[in-house]
Amino acid sequence: MMGALLILALASVIAHPLARRLGRNVFWIFAALLALVFAGLLALAPAVLAGETRVESVAWVPQLELSLTFRLDPVALLFALLVTGAGALVLLYCTRYFEAGEAGVERFAAVFMGFATSMLGLVLADDVYLLFIFWEGTTVFSFLLIGHVTRLRTSTAAALQALMVTTLGGLAMLVGLVLLAQSAGSSLLSDIVASEPSGAVGVTAVFLVLVGALSKSAIFPFHFWLPGAMAAPTPVSAYLHAAAMVKAGIYLIARITPAFGDVPGYRETLVVLGAITMLNGGIRALRQFDIKLIVAHGTVSQLGLLVMVFGVGDPRASFAGFALLFAHALAKAPLFLGVGIIDHSTGTRDLRKLSGLGRRMPVLAWVTVLAAASMAGLPPFFGFVAKESMFTELIEVGHAHPIAILALVVAIAGSILTVGYMGRFLWGAFASKRGVADTAIQHAPGWSIIVAPAVFSLAVLAAGLAAPWADGVLQTLVPEQSTAAGTAAEHLALWHGVTPALLSSVAVLLVGALLAKLLSRTILLLPPPAERWSGSHAYWVVTQFVDLVAVKLTSITQRGSLPFYLAVILIVLVAALGGSVVVGTLQGGAPLWPADVVLASSPVQLPIAIVMIVAALFSLRARTRFQSVVLVGVTGYGMAAIFAMHGAPDLALTQALVETVTLIAFVLVIRRLPQRIGTRATPRKRWLRAGIGVGVGVVIGALAIIALGSRIAEPISLRLPELAYAGGHGANVVNVMLVDIRGWDTMGELSVILAAATGVASLVFVKTRVDHRPKLSRRDARVAAREQLLRVADPNDPARRVSWLLAGRHLDPARRSILLEVVVRLIFHGLIILSIYLLLTGHNSPGGGFAGGLVAGLALVARYLAGGRHELGATVPLDAGRILGTGLAIAVSMAFLPMLFGQSALASAWIDLDLGVFGSLPLVTSTLFDVGVYLVVFGLILDVLRSLGAEIDEHEEAEVAQFEEEEVSTR
């Protein structure tokens with residue numbers, strides 16, 4: 001099971017590049033792959049149907065008793081066969097449905113395989129959290145498939161509608177599954193259904209799960225999304241909306257009904273909602289002119305029938321429900337595929353424009369007639385056998401559960417509607433209509449595209465003829481049915497004699513045929529209902545209301561004012577934290593103040609604190625932006641000094657480096673802003689800001705003191721040195737924490753840095769962040785520098801010009817500083833060596849990848865400040881995005897590499913090399929993770945310099961050149 005899922009997942013990953021090379025022929029490969037999985041499952045069928053249950057499990061989060069558990073029992077087996085078999089046939093259909101070289105085939109192939117993988121995982125998963133992951137996977141992939149034709153607004157709108165509705169139901173289902181797992185003491189679905197829910201919480205959980213199942217299967221009031229999803233390509237409709245995705249909700253209901261059928265309101269809810277859905281879908285199908293929408297609304301109607309039959313909550317009715325489910329899947333898929341062939345061949349699906357196709361496309365007509373006959377319940381098709389079973393079992397179950405009588409009445413009425421809209425569909429698609437010219441066939445379908453629908457139609461005929469064999473298979477799906485005399489489900493067969501079920505079927509066919517005859521016309525007898533009363537309209541009203549509220553709320557809160565945003569954040573902080581302290585004190589829970597408070601542990605701390613406070617106060621009175629930035633930076637350096645005196649050299653080093661980089665970034669930004677702060681706040685605003693500042697200071701200070709006094713046990717930090725050395729083979733606790741003990745946190749922070757760099761670049765770069773400007777190669781730069789150094793020695797050279805930098809010849813003489821160039825030339829390589837030293841020794845000494853990356857970035861900053869954007873490009877000709885991506889890739893690789901050797905993620909290994917008189921050199925694998933951190937930090941600084949530095953420089957130079965050009969033209 002897990003092997004098949006991994007193979008399909010790998011196929012979905014390589015599908016895009018493979019389809020780019022092979023085009024639509026890639027569907028042959030994927031069809032064969034799904035057929036191979038189908039054959040493998042079929043080989044397991046005899047043992048599984050005989051009662052053997054296969055379980056595969058891998059520990060996921062052992063501490064929470066979560067596992068990746070897959071279970072193959074008869075229900076999972078037959079659904080898996082449906083998913084893989086139908087998927088293989090639909091992919092076979094795709095080989096001729098798409099045109100050669102058609103755009104989007106690569107994306108379609110990858111997403112389709114991803115959906116098939118998710119659907120197979122859904123029916124095999126036994127852990128409910130794993131099931132939910134696959135459940136949401138089908139939601140996301142269906143969204144992408146429905147919106148495949150991105151140029152059409154109808155496709156994107158329908159995809160978004162399906163995503164919103166099914167995701168909402170899925171989230172409700174997740175809450176229900178969590179509650180059921182807690183109640184049962186296990187997250188395995190097999191254990192949950194073995195225990196009955198108790199109390200209000202259990203009942204609530206069951207109905208929350210039903211919300212997810214009903215929304216997935218398009219049951220009232222969630223029925224409206226499925227007809228809209230018909231904007232998807234035909235293979236999507238045939239697979240997702242006939243054989244796979246919409247069956248997921250039915251699958252879940254079939255799984256939980258044996259255990260939860262006696263929950264108060266369970267049967268009534270499913271039967272009533274299923275009945276409404278069936279009748280509403282059948283009536284709407286009769287009102288459609290688009291033959292695909294006839295089939296779509298018919299699908300909604302049949303899903304309502306399935307929910308109604310399973311909802312009766314009796315094993316005999318469930319047996320009939322399984323028969324109906326497979327009869328519907330096998331018959332409805334070829335109907336969708338046939339519609340796709342008609343649309344592809346004629347360019348229309350409007351039955352008012354279709355005429356004479358039955359004579360001109362006889363093979364397709366017969367294939368479609370077979371499928372429609374099974375849907376209508378004609379013998380000897382499996383649809384007839386399943387419908388007979390349904391009528392029989394509902395009549396029998398009605399003696400024990402009166403709700404089954406309602407289901408029977410609605411099923412008969414709905415079946416009449418089914419015969420009616422199937423007859424209207426066949427008439428609309430293939431009949432020769434009076435007054436309508438024969439429809440022109442623009443693209444004659446080849447024989448190969450009809451193979452897939454033909455196999456479906458022949459399968460539904462074969463299943464009907466082999467009803468006794470199908471009965472033996474389907475009986476294994478409901479092992480809980482009673483074997484007492486008279487209470488077992490009736491065996492499937494084409495002939496049971498003259499029974500009430502047979503008489504009901506005859507009546508359904510006769511009345512349905514009359515209805516089809518009456519409504520097989522291009523003008524409807526009854527006008528369609530007003531759209532304003534439809535579920536789709538209600539959805540759009542709700543979403544438009546939400547959009548309106550969001551716009552209003554955004555206009556109030558997102559005002560584009562940084563002071564406003566900061567004020568809101570800080571006021572909430574003071575109110576939440578300060579309010580908690582005050583309320584706790586008033587309720588008698590007085591804060592635990594420390595027994596003694598030490599004002600300063602060193603006499604040097606007082607002057608540092610005074611300098612920080614004075615700098616903060618003077619920053620409020622600064623008249624220029626540069627003054628305010630420098631004064632704020634003083635507080636940061638003061639904090640670094642305090643860290644250093646408290647025995648935290650790592651924090652001190654990092655704080656100083658970060659403060660320096662931040663100061664430089666601010667300077668790069670404010671150089672494009674007015675030098676002086678022109679706008680002064682009103683006295684009211686100044687007092688408000690002062691109050692917020694004082695409030696924040698008092699609350700944070702009080703919380704810090706309370707935190708010191710609230711400690712009642714030894715801090716865990718006392719164990720960290722031992723843990724760092726024993727688990728990470730490092731003496732620097734801070735670095736070992738970052739790259740080993742809390743490595744997952746660091747990986748998340750690297751992702752945030754990558755996102756921040758991308759965000760900054762996207763705000764500055766107009767078209768692309770990739771630097772396509774011609775770069776000065778280091779070789780050319782050295783040659784130019786050597787020539788200029790030779791000119792220095794020649795006093796007679798009038799063009800001599802001293803340059804100590806690679807891009808010296810590009811520097812504007814008015815902005816040059818020889819002193820700065822010399823200093824940068826002398827310290828640059830030393831800073832790079834220092835950064836590498838900090839990287840390599842950070843595991844046992846102050847430093848690490850973060851500090852090393854900052855030092856290397858500062859060396860790059862110095863190079864830029866001395867030589868400008870040309871010097872930056874000559875120093876690092878690589879793209880910043882590639883450096884960032886490489887760093888993150890190295891870090892992630894080092895996280896997952898230990899798993900290949902049977903270790904946990906981010907597990908460290910080390911070896912101490914004996915260097916003789918030079919001592920020993922410890923080599924730790926986590927250092928490679930630190931290399932990734934180094935590259936990400938370095939890439940971030942390079943990206944900031946290119947965006948806030950070089951790019952703005954280029955814009956400024958372009959503005960100056962344009963201004964000078966305008967002045968010359970004016971003269």
# chains A, B, ... in the order shown; residues from 1 in each chain; ligands from 1
$ select_by_dssp --residues "region 426-557 of chain A" --states "helix (DSSP H, G or I)" --output "ChimeraX atom specification"
/A:426-430,447-465,467-475,500-519,531-533,535-557
$ write_last_selection --atoms "C-alpha atoms" --output "PDB file, in the first residue's frame"
ATOM      1  CA  LEU A 426     -30.082  10.715 -25.205  1.00  0.00           C
ATOM      2  CA  TRP A 427     -32.671  12.588 -27.273  1.00  0.00           C
ATOM      3  CA  GLY A 428     -30.756  15.853 -26.944  1.00  0.00           C
ATOM      4  CA  ALA A 429     -27.359  14.362 -27.757  1.00  0.00           C
ATOM      5  CA  PHE A 430     -28.122  11.943 -30.600  1.00  0.00           C
ATOM      6  CA  TRP A 447     -11.548   5.048 -32.386  1.00  0.00           C
ATOM      7  CA  SER A 448      -9.024   5.229 -29.560  1.00  0.00           C
ATOM      8  CA  ILE A 449     -10.864   7.991 -27.678  1.00  0.00           C
ATOM      9  CA  ILE A 450     -13.989   5.794 -27.480  1.00  0.00           C
ATOM     10  CA  VAL A 451     -12.112   2.882 -25.878  1.00  0.00           C
ATOM     11  CA  ALA A 452     -12.322   4.224 -22.306  1.00  0.00           C
ATOM     12  CA  PRO A 453     -16.082   4.980 -22.269  1.00  0.00           C
ATOM     13  CA  ALA A 454     -16.714   1.674 -24.049  1.00  0.00           C
ATOM     14  CA  VAL A 455     -14.866  -0.252 -21.321  1.00  0.00           C
ATOM     15  CA  PHE A 456     -16.966   1.486 -18.635  1.00  0.00           C
ATOM     16  CA  SER A 457     -20.217   0.694 -20.473  1.00  0.00           C
ATOM     17  CA  LEU A 458     -19.258  -2.928 -21.104  1.00  0.00           C
ATOM     18  CA  ALA A 459     -18.269  -3.256 -17.453  1.00  0.00           C
ATOM     19  CA  VAL A 460     -21.684  -2.118 -16.267  1.00  0.00           C
ATOM     20  CA  LEU A 461     -23.323  -4.600 -18.662  1.00  0.00           C
ATOM     21  CA  ALA A 462     -21.002  -7.434 -17.604  1.00  0.00           C
ATOM     22  CA  ALA A 463     -21.639  -6.709 -13.917  1.00  0.00           C
ATOM     23  CA  GLY A 464     -25.369  -6.973 -14.517  1.00  0.00           C
ATOM     24  CA  LEU A 465     -25.041 -10.298 -16.326  1.00  0.00           C
ATOM     25  CA  ALA A 467     -24.886 -10.322 -10.751  1.00  0.00           C
ATOM     26  CA  PRO A 468     -24.420 -13.474  -8.602  1.00  0.00           C
ATOM     27  CA  TRP A 469     -20.653 -13.046  -8.745  1.00  0.00           C
ATOM     28  CA  ALA A 470     -20.975  -9.333  -7.888  1.00  0.00           C
ATOM     29  CA  ASP A 471     -23.233 -10.327  -4.992  1.00  0.00           C
ATOM     30  CA  GLY A 472     -20.490 -12.486  -3.489  1.00  0.00           C
ATOM     31  CA  VAL A 473     -18.084  -9.575  -3.621  1.00  0.00           C
ATOM     32  CA  LEU A 474     -20.443  -6.925  -2.265  1.00  0.00           C
ATOM     33  CA  GLN A 475     -21.663  -9.145   0.582  1.00  0.00           C
ATOM     34  CA  PRO A 500     -42.971  -5.443  -5.136  1.00  0.00           C
ATOM     35  CA  ALA A 501     -39.518  -4.249  -6.159  1.00  0.00           C
ATOM     36  CA  LEU A 502     -40.014  -5.457  -9.728  1.00  0.00           C
ATOM     37  CA  LEU A 503     -43.435  -3.829  -9.938  1.00  0.00           C
ATOM     38  CA  SER A 504     -41.911  -0.601  -8.632  1.00  0.00           C
ATOM     39  CA  SER A 505     -39.196  -0.785 -11.287  1.00  0.00           C
ATOM     40  CA  VAL A 506     -41.763  -1.319 -14.059  1.00  0.00           C
ATOM     41  CA  ALA A 507     -43.794   1.635 -12.837  1.00  0.00           C
ATOM     42  CA  VAL A 508     -40.659   3.797 -12.658  1.00  0.00           C
ATOM     43  CA  LEU A 509     -39.660   2.926 -16.226  1.00  0.00           C
ATOM     44  CA  LEU A 510     -43.136   3.543 -17.660  1.00  0.00           C
ATOM     45  CA  VAL A 511     -43.729   6.862 -15.920  1.00  0.00           C
ATOM     46  CA  GLY A 512     -40.131   7.938 -16.531  1.00  0.00           C
ATOM     47  CA  ALA A 513     -40.418   7.149 -20.241  1.00  0.00           C
ATOM     48  CA  LEU A 514     -43.597   9.239 -20.474  1.00  0.00           C
ATOM     49  CA  LEU A 515     -41.822  12.074 -18.669  1.00  0.00           C
ATOM     50  CA  ALA A 516     -38.841  11.832 -21.049  1.00  0.00           C
ATOM     51  CA  LYS A 517     -41.207  11.896 -24.036  1.00  0.00           C
ATOM     52  CA  LEU A 518     -43.042  14.904 -22.659  1.00  0.00           C
ATOM     53  CA  LEU A 519     -39.867  16.924 -21.926  1.00  0.00           C
ATOM     54  CA  GLU A 531     -31.703  32.062  -9.877  1.00  0.00           C
ATOM     55  CA  ARG A 532     -32.075  34.175  -6.750  1.00  0.00           C
ATOM     56  CA  TRP A 533     -33.477  31.144  -4.902  1.00  0.00           C
ATOM     57  CA  GLY A 535     -27.821  27.728  -3.490  1.00  0.00           C
ATOM     58  CA  SER A 536     -25.228  29.173  -5.844  1.00  0.00           C
ATOM     59  CA  HIS A 537     -26.810  32.614  -5.578  1.00  0.00           C
ATOM     60  CA  ALA A 538     -26.845  32.327  -1.796  1.00  0.00           C
ATOM     61  CA  TYR A 539     -23.146  31.467  -1.886  1.00  0.00           C
ATOM     62  CA  TRP A 540     -22.325  34.527  -3.961  1.00  0.00           C
ATOM     63  CA  VAL A 541     -24.442  36.769  -1.718  1.00  0.00           C
ATOM     64  CA  VAL A 542     -22.529  35.531   1.330  1.00  0.00           C
ATOM     65  CA  THR A 543     -19.121  35.874  -0.314  1.00  0.00           C
ATOM     66  CA  GLN A 544     -19.919  39.358  -1.603  1.00  0.00           C
ATOM     67  CA  PHE A 545     -21.029  40.370   1.887  1.00  0.00           C
ATOM     68  CA  VAL A 546     -17.780  39.016   3.337  1.00  0.00           C
ATOM     69  CA  ASP A 547     -15.788  40.871   0.664  1.00  0.00           C
ATOM     70  CA  LEU A 548     -17.649  44.090   1.470  1.00  0.00           C
ATOM     71  CA  VAL A 549     -17.033  43.718   5.195  1.00  0.00           C
ATOM     72  CA  ALA A 550     -13.369  42.932   4.492  1.00  0.00           C
ATOM     73  CA  VAL A 551     -12.991  46.071   2.354  1.00  0.00           C
ATOM     74  CA  LYS A 552     -14.642  48.232   5.029  1.00  0.00           C
ATOM     75  CA  LEU A 553     -12.567  46.692   7.808  1.00  0.00           C
ATOM     76  CA  THR A 554      -9.386  47.048   5.773  1.00  0.00           C
ATOM     77  CA  SER A 555     -10.106  50.716   5.051  1.00  0.00           C
ATOM     78  CA  ILE A 556     -10.434  51.295   8.788  1.00  0.00           C
ATOM     79  CA  THR A 557      -7.468  49.275  10.037  1.00  0.00           C
TER      80      THR A 557
END
$ residues_around --residues "Ala404 (chain A)" --least-positions-apart "3" --cutoff "12 Å" --atoms "only C-alpha atoms" --output "short mmCIF file (atom, residue, chain, number, x, y, z; two decimals) with C-alpha atoms, in the first residue's frame"
data_model
loop_
_atom_site.label_atom_id
_atom_site.label_comp_id
_atom_site.auth_asym_id
_atom_site.auth_seq_id
_atom_site.Cartn_x
_atom_site.Cartn_y
_atom_site.Cartn_z
CA ARG A 267 -30.75 8.70 10.18
CA GLU A 268 -33.23 11.54 9.90
CA LEU A 270 -29.09 11.92 6.14
CA VAL A 271 -32.39 10.66 4.74
CA VAL A 272 -34.02 14.13 4.65
CA ALA A 275 -34.10 13.18 -0.34
CA MET A 308 -30.31 8.58 1.69
CA VAL A 309 -29.84 4.80 1.33
CA PHE A 310 -26.71 4.68 3.51
CA GLY A 311 -28.38 7.04 5.97
CA VAL A 312 -31.11 4.54 6.72
CA GLY A 313 -28.48 2.98 8.94
CA ASP A 314 -29.31 -0.67 8.37
CA ARG A 316 -29.17 -4.39 4.40
CA ALA A 317 -29.70 -0.88 3.10
CA SER A 318 -25.93 -0.32 3.18
CA MET A 390 -32.48 -0.89 -3.17
CA PHE A 391 -36.24 -1.21 -3.50
CA THR A 392 -36.20 -4.67 -1.90
CA GLU A 393 -34.10 -3.69 1.08
CA LEU A 394 -35.92 -0.42 1.76
CA ILE A 395 -39.23 -2.31 1.79
CA GLU A 396 -37.79 -4.86 4.24
CA VAL A 397 -36.01 -2.32 6.43
CA GLY A 398 -39.15 -0.18 6.62
CA HIS A 399 -40.61 -2.62 9.17
CA ALA A 400 -37.79 -1.83 11.62
CA HIS A 401 -37.02 1.78 10.66
CA ALA A 407 -36.50 6.89 1.60
CA LEU A 408 -38.42 4.36 -0.52
CA VAL A 409 -41.02 6.89 -1.66
CA VAL A 410 -38.36 9.47 -2.55
CA ALA A 411 -36.23 6.82 -4.26
#
$ residues_around --residues "Val203 (chain A)" --least-positions-apart "2" --cutoff "10 Å" --atoms "only C-alpha atoms" --output "ChimeraX atom specification"
/A:176,179-180,196-201,205-208,260,263-266
$ residues_around --residues "Thr522 (chain A)" --least-positions-apart "5" --cutoff "9 Å" --atoms "only C-alpha atoms" --output "list in words"
Phe289, Leu351, Arg352 and Gly428 of chain A
$ write_last_selection --atoms "C-alpha atoms" --output "PDB file, in the first residue's frame"
ATOM      1  CA  PHE A 289     -30.183  22.522 -22.300  1.00  0.00           C
ATOM      2  CA  LEU A 351     -29.113  20.102 -27.225  1.00  0.00           C
ATOM      3  CA  ARG A 352     -30.999  22.734 -29.242  1.00  0.00           C
ATOM      4  CA  GLY A 428     -30.756  15.853 -26.944  1.00  0.00           C
TER       5      GLY A 428
END
$ closest_residue --among "A:Val696, A:Leu940, A:Ala726, A:Val632" --to "Ile569 (chain A)" --atoms "only C-alpha atoms"
A:Val696
$ atom_distance --atom1 "CA of Leu77 (chain A)" --atom2 "CA of Leu494 (chain A)"
25.2 Å
$ residues_around --residues "Asp596 (chain A)" --least-positions-apart "6" --cutoff "12 Å" --atoms "only C-alpha atoms" --output "NGL selection string"
:A and (705-706 or 708-709)
$ atom_distance --atom1 "CA of Leu720 (chain A)" --atom2 "CA of Ala889 (chain A)"
28.2 Å
$ closest_residue --among "A:Ala567, A:Leu854, A:Leu606, A:Cys94" --to "Thr660 (chain A)" --atoms "only C-alpha atoms"
A:Leu854
$ closest_residue --among "A:Ala47, A:Arg71, A:Val614, A:Phe626" --to "Gly638 (chain A)" --atoms "only C-alpha atoms"
A:Val614
$ closest_residue --among "A:Val734, A:Leu337, A:Leu252, A:Ile523" --to "Arg96 (chain A)" --atoms "only C-alpha atoms"
A:Leu337
$ residues_around --residues "Arg623 (chain A)" --least-positions-apart "6" --cutoff "10 Å" --atoms "only C-alpha atoms" --output "PyMOL selection string"
chain A and resi 675-678+680
$ closest_residue --among "A:Thr476, A:Gln655, A:Ser947, A:Asn735" --to "Leu78 (chain A)" --atoms "only C-alpha atoms"
A:Thr476
$ residues_around --residues "Arg863 (chain A)" --least-positions-apart "3" --cutoff "8 Å" --atoms "only C-alpha atoms" --output "ChimeraX atom specification"
/A:824,828,859-860,866-868,871-872,875
$ write_last_selection --atoms "C-alpha atoms" --output "short mmCIF file (atom, residue, chain, number, x, y, z; two decimals), in the first residue's frame"
data_model
loop_
_atom_site.label_atom_id
_atom_site.label_comp_id
_atom_site.auth_asym_id
_atom_site.auth_seq_id
_atom_site.Cartn_x
_atom_site.Cartn_y
_atom_site.Cartn_z
CA VAL A 824 38.23 48.49 2.62
CA PHE A 828 37.89 42.98 3.28
CA ALA A 859 32.50 42.98 4.44
CA LEU A 860 30.22 43.18 1.42
CA ALA A 866 33.39 52.33 -0.98
CA GLY A 867 32.76 51.39 -4.61
CA GLY A 868 29.03 51.55 -5.28
CA GLU A 871 31.87 47.17 -7.06
CA LEU A 872 29.07 45.09 -5.51
CA THR A 875 32.68 41.33 -5.82
#
